[in-house]
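> This is the content of query-v2.csv (CSV, C-alpha atoms):
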```csv
chain,number,residue,atom,x,y,z
A,1,MET,CA,33.6,-57.8,58.9
A,2,THR,CA,30.7,-55.6,57.9
A,3,TYR,CA,29.9,-55.9,54.2
A,4,SER,CA,28.1,-52.9,52.8
A,5,LEU,CA,26.8,-52.2,49.3
A,6,GLN,CA,27.5,-48.9,47.5
A,7,LEU,CA,24.0,-47.9,46.3
A,8,TYR,CA,25.4,-46.4,43.1
A,9,THR,CA,25.6,-50.0,41.9
A,10,LEU,CA,21.8,-50.1,41.9
A,11,ARG,CA,21.2,-46.5,40.7
A,12,THR,CA,18.8,-47.6,37.9
A,13,ALA,CA,16.6,-49.6,40.3
A,14,LEU,CA,16.7,-46.9,42.9
A,15,GLY,CA,15.5,-44.4,40.4
A,16,GLU,CA,12.5,-46.5,39.6
A,17,ASP,CA,11.6,-47.7,43.1
A,18,LEU,CA,13.8,-46.6,46.0
A,19,PRO,CA,11.9,-48.3,48.9
A,20,GLY,CA,11.4,-51.5,47.0
A,21,THR,CA,15.1,-51.6,46.0
A,22,ILE,CA,16.3,-51.0,49.6
A,23,LYS,CA,13.9,-53.8,50.8
A,24,ARG,CA,15.4,-56.1,48.2
A,25,VAL,CA,19.0,-55.3,49.3
A,26,ALA,CA,18.1,-56.3,52.9
A,27,ALA,CA,16.4,-59.5,51.7
A,28,LEU,CA,19.7,-60.4,49.9
A,29,GLY,CA,21.4,-60.4,53.3
A,30,TYR,CA,23.2,-57.1,53.3
A,31,THR,CA,23.1,-55.3,56.6
A,32,ALA,CA,24.6,-52.0,55.5
A,33,VAL,CA,24.7,-49.7,52.5
A,34,GLU,CA,26.7,-46.8,51.3
A,35,PRO,CA,24.4,-44.1,49.9
A,36,TYR,CA,25.6,-41.6,47.2
A,37,ASN,CA,24.4,-38.1,46.5
A,38,PHE,CA,21.9,-38.6,49.3
A,39,VAL,CA,20.8,-35.1,50.0
A,40,ALA,CA,17.9,-35.0,47.6
A,41,THR,CA,16.5,-38.4,48.8
A,42,ALA,CA,17.4,-38.2,52.5
A,43,ASP,CA,13.9,-38.4,53.9
A,44,GLU,CA,12.7,-41.2,51.6
A,45,LEU,CA,16.0,-43.1,52.1
A,46,ALA,CA,15.9,-42.7,55.9
A,47,ALA,CA,12.4,-44.2,56.0
A,48,ALA,CA,13.4,-47.1,53.7
A,49,LEU,CA,16.5,-47.9,55.7
A,50,SER,CA,14.6,-47.9,58.9
A,51,GLU,CA,11.9,-50.1,57.5
A,52,SER,CA,14.4,-52.6,56.2
A,53,GLY,CA,16.7,-52.6,59.2
A,54,LEU,CA,19.7,-51.4,57.2
A,55,THR,CA,22.4,-49.1,58.4
A,56,ALA,CA,24.6,-46.6,56.5
A,57,PRO,CA,28.0,-46.4,58.2
A,58,SER,CA,29.3,-44.3,55.3
A,59,GLY,CA,28.1,-42.3,52.4
A,60,HIS,CA,29.4,-40.5,49.3
A,61,ALA,CA,28.7,-36.8,48.7
A,62,PRO,CA,30.5,-34.0,46.8
A,63,LEU,CA,31.9,-32.2,49.9
A,64,LEU,CA,34.3,-30.0,48.0
A,65,ARG,CA,31.7,-29.0,45.4
A,66,ALA,CA,28.4,-28.6,47.3
A,67,ASP,CA,26.8,-27.1,50.5
A,68,GLN,CA,28.6,-29.0,53.3
A,69,ASP,CA,26.1,-28.1,56.0
A,70,GLU,CA,23.3,-29.5,53.8
A,71,ILE,CA,25.3,-32.7,53.3
A,72,PHE,CA,26.1,-33.1,57.0
A,73,GLU,CA,22.5,-32.5,58.0
A,74,ALA,CA,21.3,-35.2,55.6
A,75,ALA,CA,24.0,-37.5,56.7
A,76,ARG,CA,23.0,-37.1,60.3
A,77,LYS,CA,19.4,-37.9,59.3
A,78,LEU,CA,20.5,-41.1,57.7
A,79,GLY,CA,22.8,-42.1,60.5
A,80,ILE,CA,25.9,-41.8,58.3
A,81,GLY,CA,29.0,-41.6,60.5
A,82,THR,CA,31.5,-40.9,57.7
A,83,VAL,CA,30.9,-38.8,54.6
A,84,ILE,CA,33.3,-39.5,51.8
A,85,ASP,CA,34.1,-37.2,48.9
A,86,PRO,CA,34.1,-39.6,45.9
A,87,HIS,CA,35.9,-37.6,43.2
A,88,VAL,CA,38.3,-34.8,42.7
A,89,GLU,CA,39.1,-34.2,39.0
A,90,ARG,CA,42.3,-35.7,37.6
A,91,SER,CA,43.7,-32.2,36.8
A,92,HIS,CA,44.0,-31.6,40.5
A,93,TRP,CA,46.5,-34.4,41.1
A,94,THR,CA,49.4,-33.4,38.9
A,95,THR,CA,51.3,-31.1,41.2
A,96,ASP,CA,52.2,-31.1,44.9
A,97,ALA,CA,50.6,-27.7,45.3
A,98,ASP,CA,47.3,-28.8,43.9
A,99,ILE,CA,47.2,-32.0,46.0
A,100,ARG,CA,48.0,-30.0,49.1
A,101,ALA,CA,45.1,-27.6,48.3
A,102,THR,CA,42.8,-30.6,48.1
A,103,ALA,CA,44.1,-31.9,51.4
A,104,GLU,CA,43.5,-28.5,53.0
A,105,ALA,CA,39.9,-28.4,51.6
A,106,LEU,CA,39.3,-31.9,53.1
A,107,ASN,CA,40.8,-30.9,56.4
A,108,ALA,CA,38.5,-27.8,56.5
A,109,ALA,CA,35.5,-30.1,55.7
A,110,ALA,CA,36.5,-32.4,58.5
A,111,LYS,CA,36.4,-29.6,61.0
A,112,LYS,CA,32.9,-28.7,59.9
A,113,GLY,CA,31.9,-32.3,59.9
A,114,ALA,CA,33.1,-32.7,63.5
A,115,GLU,CA,30.5,-30.1,64.5
A,116,TYR,CA,27.9,-32.6,63.4
A,117,GLY,CA,29.7,-35.6,64.9
A,118,ILE,CA,30.6,-36.8,61.4
A,119,THR,CA,34.0,-37.9,60.0
A,120,VAL,CA,35.2,-36.9,56.6
A,121,GLY,CA,37.0,-39.2,54.1
A,122,TYR,CA,38.2,-39.4,50.5
A,123,HIS,CA,37.7,-42.2,47.9
A,124,ASN,CA,40.1,-42.7,45.0
A,125,HIS,CA,39.9,-43.7,41.3
A,126,GLU,CA,42.8,-45.0,39.2
A,127,PHE,CA,44.3,-41.6,38.4
A,128,GLU,CA,45.3,-40.8,41.9
A,129,LEU,CA,47.6,-43.8,41.7
A,130,GLU,CA,48.8,-43.2,38.1
A,131,GLU,CA,49.8,-39.7,38.9
A,132,ARG,CA,53.2,-39.5,40.6
A,133,ILE,CA,55.0,-36.7,42.5
A,134,ASP,CA,58.7,-37.5,42.8
A,135,GLY,CA,57.9,-41.2,42.5
A,136,THR,CA,55.1,-41.3,45.1
A,137,SER,CA,51.5,-41.8,44.1
A,138,ALA,CA,49.3,-38.7,44.4
A,139,LEU,CA,47.0,-40.5,46.8
A,140,GLU,CA,49.9,-41.1,49.2
A,141,VAL,CA,51.0,-37.5,48.8
A,142,LEU,CA,47.5,-36.5,49.8
A,143,ALA,CA,47.6,-38.7,52.8
A,144,GLY,CA,50.7,-37.0,54.0
A,145,TYR,CA,49.0,-33.6,54.0
A,146,LEU,CA,45.7,-34.8,55.6
A,147,ASP,CA,44.7,-34.0,59.1
A,148,PRO,CA,44.7,-37.3,61.2
A,149,ALA,CA,40.9,-36.8,61.5
A,150,VAL,CA,40.4,-37.4,57.7
A,151,VAL,CA,40.1,-41.0,56.7
A,152,LEU,CA,40.5,-42.8,53.4
A,153,GLU,CA,38.3,-45.2,51.6
A,154,VAL,CA,40.6,-47.0,49.2
A,155,ASP,CA,38.9,-48.4,46.0
A,156,THR,CA,41.1,-51.4,45.7
A,157,TYR,CA,40.1,-52.2,42.2
A,158,TRP,CA,40.9,-48.8,40.8
A,159,ALA,CA,44.1,-48.8,42.8
A,160,ALA,CA,45.1,-52.0,40.9
A,161,VAL,CA,44.0,-50.6,37.6
A,162,GLY,CA,46.1,-47.5,38.4
A,163,GLY,CA,49.2,-49.7,38.6
A,164,GLU,CA,49.5,-50.3,42.4
A,165,ASP,CA,49.6,-53.5,44.3
A,166,PRO,CA,46.5,-52.7,46.5
A,167,VAL,CA,47.7,-54.9,49.3
A,168,GLU,CA,51.0,-53.1,49.6
A,169,LEU,CA,49.2,-49.7,49.2
A,170,LEU,CA,46.9,-50.6,52.0
A,171,ARG,CA,49.8,-51.6,54.3
A,172,ARG,CA,51.6,-48.3,53.6
A,173,LEU,CA,48.5,-46.3,54.3
A,174,GLY,CA,47.9,-48.2,57.5
A,175,ASP,CA,45.1,-47.2,59.9
A,176,ARG,CA,44.3,-44.1,57.8
A,177,VAL,CA,42.1,-46.5,55.8
A,178,ARG,CA,38.8,-47.1,57.4
A,179,PHE,CA,36.8,-48.4,54.4
A,180,VAL,CA,37.6,-50.1,51.2
A,181,HIS,CA,35.7,-50.7,48.0
A,182,ILE,CA,35.7,-54.3,47.0
A,183,LYS,CA,35.0,-54.9,43.3
A,184,ASP,CA,36.3,-57.4,40.7
A,185,GLY,CA,37.0,-57.8,37.0
A,186,PRO,CA,39.9,-58.0,34.5
A,187,LEU,CA,41.6,-54.9,35.9
A,188,THR,CA,40.7,-52.6,32.9
A,189,LYS,CA,39.2,-49.1,32.8
A,190,ASN,CA,36.0,-50.5,31.1
A,191,ASP,CA,33.3,-50.4,33.8
A,192,LYS,CA,31.1,-52.8,31.9
A,193,GLU,CA,33.8,-55.5,32.2
A,194,GLN,CA,33.4,-55.6,36.0
A,195,VAL,CA,32.1,-58.8,37.5
A,196,ALA,CA,30.8,-60.2,40.8
A,197,VAL,CA,33.3,-60.2,43.6
A,198,GLY,CA,35.3,-63.4,43.5
A,199,SER,CA,34.9,-63.8,39.7
A,200,GLY,CA,37.8,-61.7,38.5
A,201,LYS,CA,41.5,-61.0,39.0
A,202,MET,CA,41.4,-59.2,42.4
A,203,ARG,CA,43.1,-60.9,45.4
A,204,VAL,CA,40.1,-60.1,47.5
A,205,TRP,CA,41.1,-61.9,50.7
A,206,ASP,CA,44.6,-60.6,50.6
A,207,VAL,CA,43.1,-57.1,50.3
A,208,LEU,CA,40.8,-57.6,53.2
A,209,ASP,CA,43.5,-59.1,55.4
A,210,ALA,CA,45.7,-56.1,54.8
A,211,VAL,CA,43.5,-53.8,56.8
A,212,PRO,CA,42.2,-55.6,59.9
A,213,GLY,CA,40.6,-52.5,61.4
A,214,LEU,CA,38.2,-51.7,58.7
A,215,GLU,CA,34.8,-50.3,59.6
A,216,ALA,CA,33.3,-51.8,56.4
A,217,ALA,CA,34.2,-53.4,53.1
A,218,VAL,CA,31.9,-52.0,50.5
A,219,VAL,CA,30.8,-54.0,47.5
A,220,GLU,CA,30.5,-52.0,44.3
A,221,LEU,CA,30.1,-52.5,40.6
A,222,ASP,CA,30.4,-49.3,38.5
A,223,ASP,CA,28.6,-51.1,35.7
A,224,PHE,CA,27.8,-54.7,34.6
A,225,GLU,CA,26.7,-56.4,31.5
A,226,GLY,CA,24.2,-58.8,33.1
A,227,ASP,CA,21.6,-58.7,35.8
A,228,ILE,CA,23.1,-56.4,38.4
A,229,PHE,CA,21.1,-58.0,41.3
A,230,THR,CA,22.7,-61.4,40.4
A,231,ALA,CA,26.1,-59.8,40.6
A,232,VAL,CA,25.3,-58.2,44.0
A,233,THR,CA,23.9,-61.4,45.3
A,234,ASP,CA,26.9,-63.5,44.1
A,235,SER,CA,29.3,-60.9,45.6
A,236,LEU,CA,27.9,-61.2,49.1
A,237,ALA,CA,27.7,-65.0,48.8
A,238,TYR,CA,31.4,-65.2,47.9
A,239,LEU,CA,32.4,-62.9,50.8
A,240,ASN,CA,30.3,-64.7,53.4
A,241,GLU,CA,31.4,-68.2,52.2
A,242,GLY,CA,35.1,-67.1,52.3
A,243,ARG,CA,34.9,-66.2,55.9
A,244,LYS,CA,33.5,-69.5,57.1
```
Would you write the structure of this file as structure tokens?

Amino acid sequence: MTYSLQLYTLRTALGEDLPGTIKRVAALGYTAVEPYNFVATADELAAALSESGLTAPSGHAPLLRADQDEIFEAARKLGIGTVIDPHVERSHWTTDADIRATAEALNAAAKKGAEYGITVGYHNHEFELEERIDGTSALEVLAGYLDPAVVLEVDTYWAAVGGEDPVELLRRLGDRVRFVHIKDGPLTKNDKEQVAVGSGKMRVWDVLDAVPGLEAAVVELDDFEGDIFTAVTDSLAYLNEGRK
């Protein structure tokens, strides 16, 4: 299993010292990261990743709201193989027609991404699971309309907060899921209540075992009350220890 770190977790440190933060991530034992909004920092980030020996299998970028060619060019510079749109507003998940339109936009982005040798994906929050179309979660409705080339990155914590059993959800989505976000906490919508992986209510190993073909499991904390580097370190230690 490749354990990656969503760099949004360290956004404050990155804003202060990008090269130093990337070097510190590598020193903690991570071998991969997932950049976010990486177009503006692509050159500096590419140099830092190369210097630290880190890879970026996936990255987040607003594909449905920004210049896709610019995003794919930056992704190629960073060696990102899958670009994932991290957020489509909740208002777009309340009707079948709106969900289908989002799927069509992602399908079109995937065709453009293929020209760059890059796969396109989508990442959920809690509301794509809370919203229902004839009893089916909006995320699963989306999956039904997606071209097979489009992948999913299931944020397993937000899926649980949204009322789903993330293990069962992952099993239903099957090999459409190529990445997962692994985070932990009390399963509330309060970002600051999130904790290091292994310290909360998530069934982390059941989640990981539900998708054996994952390209990467991505550690993320949207926020944290303590030292974020401690949480990032403890998360990787828990994951590495659990696989021994």
> CA of Val204 in chain A and CA of Ala216 in chain A, how far apart in Å?
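CA of Val204 in chain A lies at a distance of 13.9 Å from CA of Ala216 in chain A.
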> Given the choices A:Ala26, A:Asp155, A:Ser199, A:Ile99, which gets closest to Glu51 in chain A if the distance is worked out from only C-alpha atoms?
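Of A:Ala26, A:Asp155, A:Ser199, A:Ile99, the one nearest Glu51 in chain A, counting only C-alpha atoms, is A:Ala26.
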> So that I can see what lies close to range 223-226 of chain A, please list as a ChimeraX atom specification the residues with an atom at most 8 Å from it, counting all atoms listed in the file and leaving out residues fewer than 4 positions away in the same chain.
/A:9,191-195,230-231
> I'd like the neighbourhood of Asn107 in chain A as an NGL selection string, where a residue qualifies if any of its atoms comes within 9 Å (using only C-alpha atoms), though same-chain residues fewer than 3 positions away should be ignored.
:A and (102-104 or 110-112 or 120 or 145-150)
> Under the rule that all atoms listed in the file are counted, which of A:Gly144, A:Gly81, A:Gly113, A:Pro86 is the nearest residue to Asp69 in chain A?
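Checking each of A:Gly144, A:Gly81, A:Gly113, A:Pro86 against Asp69 in chain A, counting all atoms listed in the file, the winner is A:Gly113.
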> Using all atoms listed in the file, which residue out of A:His125, A:Lys189, A:Arg24, A:Arg90 lies closest to Glu153 in chain A?
A:His125
> With distances taken over only C-alpha atoms, which residue among A:Glu89, A:Glu220, A:Glu140, A:Glu70 lies nearest Gly185 in chain A?
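Looking only at the distances to Gly185 in chain A, the closest residue turns out to be A:Glu220.
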> Would you mind reading off the distance between CA of Val39 in chain A and CA of Ile71 in chain A, one decimal, in Å?
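Interatomic distance here is 6.1 Å.
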> What does the distance from CA of Leu139 in chain A to CA of Ser4 in chain A come to in Å, to one decimal?
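So the answer is 23.4 Å.
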> Looking at A:Pro19, A:Gly53, A:Gly174, A:Gly163, which one is nearest to Val151 in chain A, with distances taken over only C-alpha atoms?
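For Val151 in chain A, the nearest of the given residues is A:Gly174.
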> Identify which of the residues A:Asp234, A:Asp85, A:Glu215, A:Glu16 lies closest to His123 in chain A, counting all atoms listed in the file when measuring atom-to-atom distances.
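That would be A:Asp85, the residue with the smallest distance to His123 in chain A.
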> At a cut-off of 12 Å, using all atoms listed in the file, what residues contact His87 in chain A? Leave out same-chain residues fewer than 5 positions from it and give the result as a list of chain:residue names.
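In the requested form, the answer reads A:Tyr36, A:Asn37, A:His60, A:Ala61, A:Pro62, A:Leu63, A:Leu64, A:Arg65, A:His92, A:Trp93, A:Thr102, A:Leu106, A:Gly121, A:Tyr122, A:His123, A:Asn124, A:His125, A:Glu126, A:Phe127, A:Glu128, A:Glu153, A:Asp155.
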> Residues as selected, C-alpha atoms, written as a CSV table (one decimal), in the frame of the given file, can you do that?

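What follows is the written file part33.csv:
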```
chain,number,residue,atom,x,y,z
A,36,TYR,CA,25.6,-41.6,47.2
A,37,ASN,CA,24.4,-38.1,46.5
A,60,HIS,CA,29.4,-40.5,49.3
A,61,ALA,CA,28.7,-36.8,48.7
A,62,PRO,CA,30.5,-34.0,46.8
A,63,LEU,CA,31.9,-32.2,49.9
A,64,LEU,CA,34.3,-30.0,48.0
A,65,ARG,CA,31.7,-29.0,45.4
A,92,HIS,CA,44.0,-31.6,40.5
A,93,TRP,CA,46.5,-34.4,41.1
A,102,THR,CA,42.8,-30.6,48.1
A,106,LEU,CA,39.3,-31.9,53.1
A,121,GLY,CA,37.0,-39.2,54.1
A,122,TYR,CA,38.2,-39.4,50.5
A,123,HIS,CA,37.7,-42.2,47.9
A,124,ASN,CA,40.1,-42.7,45.0
A,125,HIS,CA,39.9,-43.7,41.3
A,126,GLU,CA,42.8,-45.0,39.2
A,127,PHE,CA,44.3,-41.6,38.4
A,128,GLU,CA,45.3,-40.8,41.9
A,153,GLU,CA,38.3,-45.2,51.6
A,155,ASP,CA,38.9,-48.4,46.0
```
> May I have the protein, DNA and RNA residues with an atom at most 12 Å from (50.2, -53.1, 56.3), counting all atoms listed in the file in the file's coordinates, returned as a PyMOL selection string?
chain A and resi 166-177+206-213
> Suppose we keep C-alpha atoms; can you now write the selection as a CSV table (one decimal), in the frame of the given file?

```csv
chain,number,residue,atom,x,y,z
A,166,PRO,CA,46.5,-52.7,46.5
A,167,VAL,CA,47.7,-54.9,49.3
A,168,GLU,CA,51.0,-53.1,49.6
A,169,LEU,CA,49.2,-49.7,49.2
A,170,LEU,CA,46.9,-50.6,52.0
A,171,ARG,CA,49.8,-51.6,54.3
A,172,ARG,CA,51.6,-48.3,53.6
A,173,LEU,CA,48.5,-46.3,54.3
A,174,GLY,CA,47.9,-48.2,57.5
A,175,ASP,CA,45.1,-47.2,59.9
A,176,ARG,CA,44.3,-44.1,57.8
A,177,VAL,CA,42.1,-46.5,55.8
A,206,ASP,CA,44.6,-60.6,50.6
A,207,VAL,CA,43.1,-57.1,50.3
A,208,LEU,CA,40.8,-57.6,53.2
A,209,ASP,CA,43.5,-59.1,55.4
A,210,ALA,CA,45.7,-56.1,54.8
A,211,VAL,CA,43.5,-53.8,56.8
A,212,PRO,CA,42.2,-55.6,59.9
A,213,GLY,CA,40.6,-52.5,61.4
```
> What would the list of residues within 10 Å of (26.0, -57.5, 46.0) (file frame) look like as a PyMOL selection string, if all atoms listed in the file are what count?
chain A and resi 3-7+9-10+25+28-30+183+196-197+218-221+228-239
